$ cat entry24.txt   # compact mmCIF, C-alpha atoms
# COMPACT_ATOMS: atom_id res chain seq x y z
CA MET A 121 0.00 0.00 0.00
CA ALA A 122 1.28 3.46 -0.86
CA HIS A 123 2.06 5.57 2.12
CA GLU A 124 0.48 8.99 2.23
CA THR A 125 2.22 10.77 4.99
CA GLY A 126 2.19 14.44 4.18
CA ALA A 127 5.96 14.36 3.80
CA GLY A 128 7.75 13.88 0.55
CA ASP A 129 11.33 12.76 0.30
CA VAL A 130 13.09 15.26 2.46
CA THR A 131 16.76 15.63 3.02
CA LEU A 132 17.89 16.98 6.34
CA ASP A 133 21.41 18.25 6.74
CA GLU A 134 23.33 18.12 9.99
CA ALA A 135 22.08 21.53 11.11
CA ASP A 136 18.43 20.59 10.40
CA ARG A 137 18.80 17.42 12.46
CA ALA A 138 20.48 19.24 15.33
CA LEU A 139 17.71 21.84 15.26
CA VAL A 140 14.90 19.25 15.26
CA ASN A 141 16.52 17.50 18.21
CA ALA A 142 17.10 20.75 20.12
CA LEU A 143 13.49 21.84 19.57
CA GLN A 144 12.04 18.67 21.07
CA GLY A 145 13.16 19.82 24.50
CA GLY A 146 12.00 22.91 26.34
CA PHE A 147 11.98 26.05 24.21
CA PRO A 148 13.40 28.99 26.19
CA LEU A 149 11.16 31.64 27.73
CA CYS A 150 13.43 34.61 27.15
CA ASP A 151 13.23 37.71 24.97
CA GLU A 152 15.16 36.21 22.04
CA PRO A 153 14.60 32.47 22.25
CA TYR A 154 15.63 31.68 18.67
CA ARG A 155 19.00 33.33 19.32
CA ALA A 156 19.33 31.14 22.44
CA ILE A 157 18.53 28.05 20.36
CA ALA A 158 21.14 29.09 17.76
CA GLU A 159 23.73 29.26 20.55
CA THR A 160 22.66 25.87 21.94
CA VAL A 161 22.82 24.16 18.56
CA GLY A 162 26.14 25.74 17.57
CA LEU A 163 27.32 24.66 14.09
CA GLY A 164 27.69 28.33 13.22
CA LEU A 165 23.92 28.91 13.11
CA THR A 166 22.64 32.43 13.64
CA GLU A 167 19.22 33.49 14.88
CA VAL A 168 18.18 34.21 11.29
CA ASP A 169 19.36 30.73 10.22
CA VAL A 170 17.25 29.15 12.95
CA LEU A 171 14.15 31.11 11.88
CA ASN A 172 14.69 30.32 8.19
CA ARG A 173 15.34 26.64 8.80
CA LEU A 174 12.36 26.34 11.14
CA GLN A 175 10.14 27.94 8.48
CA SER A 176 11.48 25.51 5.90
CA LEU A 177 11.05 22.46 8.18
CA LEU A 178 7.41 23.44 8.70
CA GLU A 179 6.83 24.08 4.99
CA ARG A 180 8.40 20.75 4.08
CA LYS A 181 6.25 19.10 6.77
CA VAL A 182 9.25 17.66 8.59
CA LEU A 183 7.62 19.32 11.59
CA THR A 184 3.86 19.26 11.89
CA ARG A 185 3.86 22.23 14.22
CA PHE A 186 6.00 24.36 16.45
CA GLY A 187 4.81 26.03 19.65
CA PRO A 188 3.23 25.27 23.02
CA MET A 189 1.66 21.82 23.29
CA TYR A 190 -1.51 22.16 25.29
CA GLN A 191 -2.95 19.40 27.45
CA VAL A 192 -6.67 19.78 27.10
CA GLU A 193 -7.42 17.69 30.21
CA ARG A 194 -5.57 20.19 32.40
CA MET A 195 -7.88 22.89 31.10
CA GLY A 196 -10.95 20.90 32.10
CA GLY A 197 -11.37 19.42 28.63
CA ALA A 198 -11.08 15.87 27.41
CA PHE A 199 -8.97 13.87 25.00
CA VAL A 200 -10.16 10.42 23.90
CA LEU A 201 -8.78 7.86 21.48
CA ALA A 202 -11.50 6.21 19.41
CA ALA A 203 -11.75 3.79 16.51
CA LEU A 204 -14.11 2.72 13.75
CA LYS A 205 -14.42 -0.49 11.78
CA VAL A 206 -14.89 1.03 8.32
CA PRO A 207 -15.90 -1.08 5.31
CA GLU A 208 -13.19 -0.59 2.64
CA PRO A 209 -15.47 0.71 -0.14
CA GLU A 210 -16.70 3.39 2.26
CA TYR A 211 -13.29 4.37 3.60
CA GLU A 212 -12.73 7.71 1.82
CA ARG A 213 -16.27 8.91 2.43
CA ILE A 214 -16.15 8.03 6.13
CA ALA A 215 -12.68 9.63 6.50
CA GLY A 216 -14.13 12.82 5.05
CA ILE A 217 -16.99 12.82 7.55
CA VAL A 218 -14.71 12.16 10.52
CA ASN A 219 -12.02 14.66 9.49
CA ALA A 220 -14.61 17.40 9.00
CA LEU A 221 -15.34 17.47 12.74
CA PRO A 222 -13.28 20.13 14.52
CA GLU A 223 -13.22 17.83 17.58
CA VAL A 224 -11.05 15.36 15.64
CA ALA A 225 -7.45 16.38 16.43
CA HIS A 226 -5.81 13.66 14.43
CA ASN A 227 -6.81 10.58 12.51
CA TYR A 228 -4.77 7.64 11.24
CA ARG A 229 -5.47 4.67 9.09
CA ARG A 230 -4.22 1.49 10.77
CA GLU A 231 -4.14 -2.02 9.40
CA HIS A 232 -6.66 -3.95 11.53
CA ALA A 233 -10.39 -4.70 11.50
CA LEU A 234 -10.57 -1.46 13.50
CA ASN A 235 -8.99 0.51 10.66
CA MET A 236 -9.59 4.15 11.52
CA TRP A 237 -8.14 5.56 14.75
CA PHE A 238 -8.68 9.14 15.77
CA VAL A 239 -8.34 11.39 18.79
CA LEU A 240 -11.24 13.53 19.95
CA ALA A 241 -10.28 16.67 21.85
CA THR A 242 -12.98 18.85 23.36
CA GLU A 243 -13.03 21.80 25.71
CA GLN A 244 -15.60 20.17 27.98
CA PRO A 245 -15.84 16.46 28.88
CA GLU A 246 -19.47 16.37 27.66
CA GLY A 247 -18.19 17.30 24.23
CA ILE A 248 -16.74 13.82 23.76
CA ALA A 249 -20.09 12.05 24.01
CA ALA A 250 -21.62 14.66 21.70
CA ALA A 251 -18.85 14.19 19.11
CA ILE A 252 -19.21 10.39 19.30
CA ALA A 253 -22.96 10.71 18.81
CA LYS A 254 -22.40 12.97 15.79
CA ILE A 255 -19.96 10.50 14.21
CA GLU A 256 -22.27 7.54 14.83
CA ALA A 257 -25.22 9.40 13.36
CA ALA A 258 -23.29 10.60 10.30
CA THR A 259 -21.54 7.30 9.55
CA GLY A 260 -24.00 4.70 10.83
CA LEU A 261 -21.03 2.94 12.46
CA PRO A 262 -20.47 2.27 16.17
CA VAL A 263 -17.57 4.23 17.69
CA PHE A 264 -15.20 2.26 19.91
CA ALA A 265 -13.97 4.72 22.55
CA PHE A 266 -10.76 4.09 24.45
CA PRO A 267 -10.48 6.78 27.13
CA LYS A 268 -7.17 6.58 28.92
CA GLU A 269 -7.43 5.10 32.38
CA ARG A 270 -3.81 5.70 33.26
CA GLU A 271 -0.86 7.37 31.56
CA TYR A 272 2.43 5.58 32.07
CA PHE A 273 4.59 7.80 29.95
CA VAL A 274 4.26 10.35 27.18
CA GLU A 275 7.15 12.05 25.53
CA MET A 276 8.29 12.72 22.04
CA LYS A 277 11.83 11.55 21.86
CA LEU A 278 12.49 10.67 18.26
CA HIS A 279 16.05 11.25 17.25
CA ALA A 280 16.32 13.03 13.91
CA MET B 270 -13.54 26.29 28.65
CA PRO B 271 -14.13 26.37 32.43
CA ASP B 272 -13.77 29.54 34.49
CA ALA B 273 -10.61 28.09 36.04
CA ILE B 274 -8.69 29.17 32.96
CA GLU B 275 -8.04 32.85 33.17
CA ASP B 276 -9.17 34.96 30.27
CA ILE B 277 -5.63 36.01 29.42
CA ASP B 278 -4.54 32.37 29.26
CA ARG B 279 -7.43 31.54 27.01
CA ARG B 280 -6.46 34.37 24.66
CA LEU B 281 -2.86 33.25 24.76
CA ILE B 282 -3.86 29.66 23.95
CA ILE B 283 -5.93 30.80 20.99
CA ALA B 284 -3.09 33.00 19.74
CA THR B 285 -0.51 30.19 19.92
CA GLN B 286 -2.37 26.96 19.24
CA ALA B 287 -1.42 27.03 15.57
CA GLY B 288 2.18 27.82 16.52
CA LEU B 289 4.60 30.33 17.99
CA PRO B 290 5.44 33.38 15.82
CA LEU B 291 8.61 32.89 13.77
CA VAL B 292 10.09 36.29 14.52
CA PRO B 293 13.15 37.18 16.62
CA ARG B 294 11.02 38.27 19.60
CA PRO B 295 8.00 35.94 19.51
CA TYR B 296 6.76 36.76 23.02
CA HIS B 297 6.87 40.48 22.23
CA ALA B 298 4.86 39.83 19.07
CA LEU B 299 2.24 37.96 21.09
CA ALA B 300 2.23 40.71 23.72
CA GLU B 301 1.54 43.32 21.08
CA GLN B 302 -1.20 41.21 19.56
CA LEU B 303 -2.88 40.67 22.94
CA GLY B 304 -2.23 44.13 24.38
CA ILE B 305 -0.26 42.94 27.40
CA ALA B 306 3.35 43.20 28.55
CA PRO B 307 5.95 40.81 27.06
CA ALA B 308 6.98 39.80 30.59
CA ASP B 309 3.38 38.76 31.25
CA VAL B 310 3.35 36.54 28.14
CA GLN B 311 6.45 34.74 29.37
CA ALA B 312 5.09 34.56 32.94
CA ARG B 313 1.74 33.10 31.83
CA LEU B 314 3.46 30.52 29.60
CA ALA B 315 5.78 29.60 32.49
CA ALA B 316 2.78 29.25 34.81
CA MET B 317 0.94 27.02 32.33
CA LEU B 318 4.07 24.88 31.96
CA ALA B 319 4.24 24.56 35.75
CA THR B 320 0.61 23.44 36.03
CA GLY B 321 0.86 21.12 33.05
CA ILE B 322 -1.65 23.00 30.87
CA ILE B 323 1.32 23.23 28.51
CA ARG B 324 3.19 19.93 28.28
CA ARG B 325 6.17 21.58 26.62
CA ILE B 326 6.99 24.26 24.09
CA GLY B 327 8.70 22.84 21.07
CA ALA B 328 8.49 21.10 17.74
CA VAL B 329 6.27 18.17 16.79
CA PRO B 330 8.16 16.09 14.24
CA ASN B 331 6.48 14.19 11.44
CA HIS B 332 7.68 10.66 12.18
CA TYR B 333 7.71 9.76 8.53
CA ALA B 334 9.87 12.72 7.53
CA LEU B 335 12.46 11.72 10.13
CA GLY B 336 12.66 8.29 8.53
CA TYR B 337 10.40 6.53 11.07
CA ARG B 338 8.12 4.99 8.50
CA HIS B 339 6.96 2.12 10.69
CA ASN B 340 4.87 3.56 13.47
CA GLY B 341 3.26 0.79 15.42
CA MET B 342 0.61 0.97 18.10
CA THR B 343 1.46 -2.14 20.10
CA VAL B 344 -1.48 -3.42 22.14
CA TRP B 345 -1.45 -6.00 24.90
CA ASP B 346 -3.94 -7.95 27.00
CA VAL B 347 -2.29 -7.73 30.40
CA ALA B 348 -3.56 -9.23 33.66
CA ASP B 349 -5.46 -6.53 35.55
CA ASP B 350 -3.59 -7.08 38.81
CA ARG B 351 -0.21 -6.57 37.14
CA ILE B 352 -0.83 -3.93 34.50
CA ASP B 353 0.06 -0.85 36.55
CA ALA B 354 3.44 -2.16 37.67
CA LEU B 355 4.27 -3.46 34.20
CA GLY B 356 2.82 -0.45 32.38
CA ALA B 357 5.20 1.86 34.24
CA GLN B 358 8.13 -0.32 33.14
CA VAL B 359 6.98 -0.40 29.52
CA GLY B 360 6.50 3.39 29.59
CA SER B 361 10.06 3.89 30.77
CA LEU B 362 11.57 1.99 27.81
CA SER B 363 13.57 4.48 25.76
CA PHE B 364 11.83 3.67 22.48
CA VAL B 365 8.23 3.95 23.77
CA THR B 366 6.79 7.42 23.07
CA HIS B 367 3.32 6.97 24.54
CA CYS B 368 2.00 4.35 26.97
CA TYR B 369 -1.49 4.11 28.39
CA ARG B 370 -3.93 1.78 30.12
CA ARG B 371 -7.27 1.83 28.30
CA PRO B 372 -10.50 -0.20 28.61
CA ARG B 373 -11.00 -3.45 26.70
CA ARG B 374 -13.94 -3.59 24.28
CA LEU B 375 -14.90 -7.26 24.30
CA PRO B 376 -15.39 -9.21 22.16
CA ASP B 377 -13.81 -6.99 19.46
CA TRP B 378 -10.89 -5.71 21.46
CA PRO B 379 -9.21 -7.63 24.33
CA TYR B 380 -6.25 -5.25 24.81
CA ASN B 381 -5.82 -2.91 27.78
CA LEU B 382 -2.21 -1.69 27.40
CA PHE B 383 -1.21 0.59 24.49
CA ALA B 384 2.41 1.49 23.72
CA MET B 385 3.59 3.40 20.64
CA VAL B 386 6.86 2.33 19.02
CA HIS B 387 8.61 3.70 15.95
CA GLY B 388 11.04 2.08 13.55
CA ARG B 389 12.99 3.11 10.50
CA ASP B 390 12.08 -0.31 9.14
CA ARG B 391 9.58 -2.97 10.08
CA SER B 392 12.14 -5.13 11.85
CA GLU B 393 13.17 -2.28 14.16
CA ALA B 394 9.54 -1.78 15.23
CA GLU B 395 9.14 -5.55 15.68
CA ALA B 396 12.29 -5.71 17.80
CA HIS B 397 10.81 -3.04 20.07
CA ALA B 398 7.58 -5.03 20.35
CA ALA B 399 9.58 -8.17 21.17
CA ALA B 400 11.34 -6.33 23.99
CA ILE B 401 7.98 -5.28 25.42
CA ALA B 402 6.75 -8.89 25.13
CA ARG B 403 9.76 -10.12 27.11
CA LEU B 404 9.13 -7.53 29.80
CA LEU B 405 5.44 -8.48 30.11
CA GLY B 406 6.18 -12.21 30.16
CA ASP B 407 3.31 -14.43 31.29
CA ALA B 408 1.24 -11.44 32.45
CA CYS B 409 0.35 -10.93 28.78
CA ARG B 410 -2.27 -13.19 27.19
CA SER B 411 -2.29 -11.80 23.65
CA SER B 412 -1.01 -8.87 21.64
CA ASP B 413 -1.03 -7.15 18.26
CA ILE B 414 0.72 -4.32 16.39
CA LEU B 415 -1.35 -1.84 14.41
CA TYR B 416 0.83 0.05 11.95
CA SER B 417 -0.31 3.41 10.68
CA SER B 418 -0.44 3.45 6.90
CA ARG B 419 -1.82 6.94 6.32
CA ILE B 420 -2.12 10.16 8.25
CA LEU B 421 -5.71 11.16 7.56
CA LYS B 422 -5.60 14.32 9.71
CA LYS B 423 -3.14 15.90 12.10
CA THR B 424 -4.05 19.35 13.35
CA GLY B 425 -3.88 18.98 17.13
CA LEU B 426 -6.27 20.67 19.48
CA ARG B 427 -8.20 23.67 18.24
CA ILE B 428 -10.31 25.65 20.64
CA ALA B 429 -12.81 28.16 19.40
CA GLY B 430 -11.85 31.83 19.42

$ encode --input "entry24.txt" --output "structure tokens"
Amino acid sequence: MAHETGAGDVTLDEADRALVNALQGGFPLCDEPYRAIAETVGLGLTEVDVLNRLQSLLERKVLTRFGPMYQVERMGGAFVLAALKVPEPEYERIAGIVNALPEVAHNYRREHALNMWFVLATEQPEGIAAAIAKIEAATGLPVFAFPKEREYFVEMKLHA
Amino acid sequence: MPDAIEDIDRRLIIATQAGLPLVPRPYHALAEQLGIAPADVQARLAAMLATGIIRRIGAVPNHYALGYRHNGMTVWDVADDRIDALGAQVGSLSFVTHCYRRPRRLPDWPYNLFAMVHGRDRSEAEAHAAAIARLLGDACRSSDILYSSRILKKTGLRIAG
């Protein structure tokens, strides 16, 4: 199956890789944070280089976003993993319905009888049930919800 | 959004949820946009980091673009009386990026432990899964790996303005 990942063939040079790795940690809260990152990374990068490379990494979709990562649960909201068992001939249509909901933060195809896995993020916990009801009504399929009962570890730590 | 979130935080969240400004002084740019002092922008972000409303400030890499083309959600049916102790150990493995206990959905879904692993090739992801299997030992009754084959959507949280 062809992969459709949003990222073409990208080439990252040493400075790109160092930057991606440096930006997975805590970004500084100072007046000129990009200058601070340039100093951390070294390799002769200037503040302008960091800004230009970051722009390019985002445009090339090496990075999907850059900024604060908010935890909706800590704001009183909710975040729930859910899945659908979508018949293959209906897959594109159902993906369109699910993706159109603003409550769907991300959505992946996975190879299993449960073949569509998405995360619902809502500002209020009641919003989850409402979003599930909307998806069930629009698709005619039952939603399998997998709210987290315990978090053992969450951290992005992919080495570029 | 509950009242517990201060109005200024809410405005700051809305202003930054798509990303931080790519200008030399990003906190000053936000301050100007929101009509508050730059020091307050930094202070509110620091406070939200401290309370966990912000997990971290940084970049979200596209796994595929970094060469991690085999992103597997490993799922395990682990004995209820052992899952918390074992889940903490699985979560601390260096190659596991997310690890959660979630409810089973019988009969379709017998798995209660979810751990994400990433490999540059299929065998690297499978080696990670094998290491988890060894750690779980006889506490695990069955398991599976669900590989992602397409990103259908990836926008992250959006709250209404």

$ interface_residues --input "entry24.txt" --of "chain B" --to "chain A" --cutoff "7 Å" --atoms "only C-alpha atoms" --output "PyMOL selection string"
chain B and resi 270-271+274+285-286+288-289+291+293-294+296+311+321-331+333-335+356-357+360-361+366-372+415-426+428

$ closest_residue --input "entry24.txt" --among "A:Ile255, A:Ile157, A:Ile214, A:Leu261" --to "Asp169 (chain A)" --atoms "all atoms listed in the file"
A:Ile157

$ residues_near_point --input "entry24.txt" --point "(28.9, 22.8, 12.8)" --cutoff "8 Å" --atoms "all atoms listed in the file" --output "PyMOL selection string"
chain A and resi 134-135+162-165

$ closest_residue --input "entry24.txt" --among "B:Ile401, B:Gly341, B:Pro295, B:Arg313" --to "Asp278 (chain B)" --atoms "all atoms listed in the file"
B:Arg313

$ residues_around --input "entry24.txt" --residues "Arg351 (chain B)" --least-positions-apart "4" --cutoff "12 Å" --atoms "all atoms listed in the file" --output "MDAnalysis selection string"
chainID B and resid 346:347 355:358 370 381:382 404:409

$ atom_distance --input "entry24.txt" --atom1 "CA of Val344 (chain B)" --atom2 "CA of Ala400 (chain B)"
13.3 Å

$ atom_distance --input "entry24.txt" --atom1 "CA of Ala203 (chain A)" --atom2 "CA of Val263 (chain A)"
6.0 Å

$ residues_around --input "entry24.txt" --residues "Ala284 (chain B)" --least-positions-apart "3" --cutoff "10 Å" --atoms "all atoms listed in the file" --output "PyMOL selection string"
chain B and resi 278-281+287-290+299+302-303+430

$ residues_around --input "entry24.txt" --residues "Lys254 (chain A)" --least-positions-apart "4" --cutoff "10 Å" --atoms "only C-alpha atoms" --output "PyMOL selection string"
chain A and resi 217-218+221+248-250+258-260

$ atom_distance --input "entry24.txt" --atom1 "CA of His332 (chain B)" --atom2 "CA of Ser363 (chain B)"
16.0 Å

$ build_atoms --input "entry24.txt" --residues "region 329-360 of chain B" --atoms "N, CA and C atoms" --output "PDB file, in the coordinates of the input"
ATOM      1  N   VAL B 329       6.853  19.501  16.949  1.00  0.00           N
ATOM      2  CA  VAL B 329       6.270  18.170  16.790  1.00  0.00           C
ATOM      3  C   VAL B 329       6.757  17.615  15.460  1.00  0.00           C
ATOM      4  N   PRO B 330       7.635  16.612  15.501  1.00  0.00           N
ATOM      5  CA  PRO B 330       8.160  16.090  14.240  1.00  0.00           C
ATOM      6  C   PRO B 330       7.155  15.169  13.556  1.00  0.00           C
ATOM      7  N   ASN B 331       7.199  15.169  12.231  1.00  0.00           N
ATOM      8  CA  ASN B 331       6.480  14.190  11.440  1.00  0.00           C
ATOM      9  C   ASN B 331       7.349  12.927  11.420  1.00  0.00           C
ATOM     10  N   HIS B 332       6.876  11.877  12.077  1.00  0.00           N
ATOM     11  CA  HIS B 332       7.680  10.660  12.180  1.00  0.00           C
ATOM     12  C   HIS B 332       8.212  10.199  10.839  1.00  0.00           C
ATOM     13  N   TYR B 333       7.333  10.278   9.852  1.00  0.00           N
ATOM     14  CA  TYR B 333       7.710   9.760   8.530  1.00  0.00           C
ATOM     15  C   TYR B 333       8.879  10.541   7.955  1.00  0.00           C
ATOM     16  N   ALA B 334       8.818  11.872   8.119  1.00  0.00           N
ATOM     17  CA  ALA B 334       9.870  12.720   7.530  1.00  0.00           C
ATOM     18  C   ALA B 334      11.213  12.469   8.189  1.00  0.00           C
ATOM     19  N   LEU B 335      11.206  12.018   9.448  1.00  0.00           N
ATOM     20  CA  LEU B 335      12.460  11.720  10.130  1.00  0.00           C
ATOM     21  C   LEU B 335      12.952  10.312   9.801  1.00  0.00           C
ATOM     22  N   GLY B 336      12.218   9.612   8.939  1.00  0.00           N
ATOM     23  CA  GLY B 336      12.660   8.290   8.530  1.00  0.00           C
ATOM     24  C   GLY B 336      11.978   7.177   9.326  1.00  0.00           C
ATOM     25  N   TYR B 337      11.111   7.556  10.295  1.00  0.00           N
ATOM     26  CA  TYR B 337      10.400   6.530  11.070  1.00  0.00           C
ATOM     27  C   TYR B 337       9.124   6.183  10.318  1.00  0.00           C
ATOM     28  N   ARG B 338       9.247   5.292   9.366  1.00  0.00           N
ATOM     29  CA  ARG B 338       8.120   4.990   8.500  1.00  0.00           C
ATOM     30  C   ARG B 338       7.247   3.881   9.054  1.00  0.00           C
ATOM     31  N   HIS B 339       7.705   3.243  10.119  1.00  0.00           N
ATOM     32  CA  HIS B 339       6.960   2.120  10.690  1.00  0.00           C
ATOM     33  C   HIS B 339       6.561   2.479  12.108  1.00  0.00           C
ATOM     34  N   ASN B 340       5.368   3.078  12.200  1.00  0.00           N
ATOM     35  CA  ASN B 340       4.870   3.560  13.470  1.00  0.00           C
ATOM     36  C   ASN B 340       3.798   2.609  13.958  1.00  0.00           C
ATOM     37  N   GLY B 341       4.142   1.861  14.985  1.00  0.00           N
ATOM     38  CA  GLY B 341       3.260   0.790  15.420  1.00  0.00           C
ATOM     39  C   GLY B 341       2.618   1.107  16.764  1.00  0.00           C
ATOM     40  N   MET B 342       1.289   0.922  16.816  1.00  0.00           N
ATOM     41  CA  MET B 342       0.610   0.970  18.100  1.00  0.00           C
ATOM     42  C   MET B 342       0.597  -0.473  18.597  1.00  0.00           C
ATOM     43  N   THR B 343       1.469  -0.783  19.566  1.00  0.00           N
ATOM     44  CA  THR B 343       1.460  -2.140  20.100  1.00  0.00           C
ATOM     45  C   THR B 343       0.398  -2.197  21.185  1.00  0.00           C
ATOM     46  N   VAL B 344      -0.373  -3.289  21.176  1.00  0.00           N
ATOM     47  CA  VAL B 344      -1.480  -3.420  22.140  1.00  0.00           C
ATOM     48  C   VAL B 344      -1.409  -4.792  22.795  1.00  0.00           C
ATOM     49  N   TRP B 345      -1.711  -4.827  24.082  1.00  0.00           N
ATOM     50  CA  TRP B 345      -1.450  -6.000  24.900  1.00  0.00           C
ATOM     51  C   TRP B 345      -2.608  -6.264  25.837  1.00  0.00           C
ATOM     52  N   ASP B 346      -2.930  -7.550  26.015  1.00  0.00           N
ATOM     53  CA  ASP B 346      -3.940  -7.950  27.000  1.00  0.00           C
ATOM     54  C   ASP B 346      -3.184  -8.394  28.253  1.00  0.00           C
ATOM     55  N   VAL B 347      -3.116  -7.493  29.223  1.00  0.00           N
ATOM     56  CA  VAL B 347      -2.290  -7.730  30.400  1.00  0.00           C
ATOM     57  C   VAL B 347      -3.185  -7.958  31.621  1.00  0.00           C
ATOM     58  N   ALA B 348      -2.798  -8.910  32.459  1.00  0.00           N
ATOM     59  CA  ALA B 348      -3.560  -9.230  33.660  1.00  0.00           C
ATOM     60  C   ALA B 348      -3.823  -7.953  34.467  1.00  0.00           C
ATOM     61  N   ASP B 349      -5.079  -7.775  34.887  1.00  0.00           N
ATOM     62  CA  ASP B 349      -5.460  -6.530  35.550  1.00  0.00           C
ATOM     63  C   ASP B 349      -4.660  -6.247  36.818  1.00  0.00           C
ATOM     64  N   ASP B 350      -4.291  -7.315  37.531  1.00  0.00           N
ATOM     65  CA  ASP B 350      -3.590  -7.080  38.810  1.00  0.00           C
ATOM     66  C   ASP B 350      -2.105  -6.778  38.609  1.00  0.00           C
ATOM     67  N   ARG B 351      -1.637  -6.843  37.372  1.00  0.00           N
ATOM     68  CA  ARG B 351      -0.210  -6.570  37.140  1.00  0.00           C
ATOM     69  C   ARG B 351       0.027  -5.408  36.185  1.00  0.00           C
ATOM     70  N   ILE B 352      -1.041  -4.907  35.577  1.00  0.00           N
ATOM     71  CA  ILE B 352      -0.830  -3.930  34.500  1.00  0.00           C
ATOM     72  C   ILE B 352      -0.166  -2.649  34.980  1.00  0.00           C
ATOM     73  N   ASP B 353      -0.505  -2.152  36.166  1.00  0.00           N
ATOM     74  CA  ASP B 353       0.060  -0.850  36.550  1.00  0.00           C
ATOM     75  C   ASP B 353       1.561  -0.939  36.786  1.00  0.00           C
ATOM     76  N   ALA B 354       2.002  -2.005  37.436  1.00  0.00           N
ATOM     77  CA  ALA B 354       3.440  -2.160  37.670  1.00  0.00           C
ATOM     78  C   ALA B 354       4.178  -2.342  36.337  1.00  0.00           C
ATOM     79  N   LEU B 355       3.606  -3.191  35.479  1.00  0.00           N
ATOM     80  CA  LEU B 355       4.270  -3.460  34.200  1.00  0.00           C
ATOM     81  C   LEU B 355       4.156  -2.280  33.239  1.00  0.00           C
ATOM     82  N   GLY B 356       3.024  -1.595  33.263  1.00  0.00           N
ATOM     83  CA  GLY B 356       2.820  -0.450  32.380  1.00  0.00           C
ATOM     84  C   GLY B 356       3.871   0.630  32.632  1.00  0.00           C
ATOM     85  N   ALA B 357       4.185   0.855  33.898  1.00  0.00           N
ATOM     86  CA  ALA B 357       5.200   1.860  34.240  1.00  0.00           C
ATOM     87  C   ALA B 357       6.560   1.456  33.677  1.00  0.00           C
ATOM     88  N   GLN B 358       6.839   0.146  33.700  1.00  0.00           N
ATOM     89  CA  GLN B 358       8.130  -0.320  33.140  1.00  0.00           C
ATOM     90  C   GLN B 358       8.158  -0.184  31.624  1.00  0.00           C
ATOM     91  N   VAL B 359       7.037  -0.531  30.980  1.00  0.00           N
ATOM     92  CA  VAL B 359       6.980  -0.400  29.520  1.00  0.00           C
ATOM     93  C   VAL B 359       7.137   1.076  29.135  1.00  0.00           C
ATOM     94  N   GLY B 360       6.448   1.957  29.885  1.00  0.00           N
ATOM     95  CA  GLY B 360       6.500   3.390  29.590  1.00  0.00           C
ATOM     96  C   GLY B 360       7.899   3.966  29.724  1.00  0.00           C
TER      97      GLY B 360
END
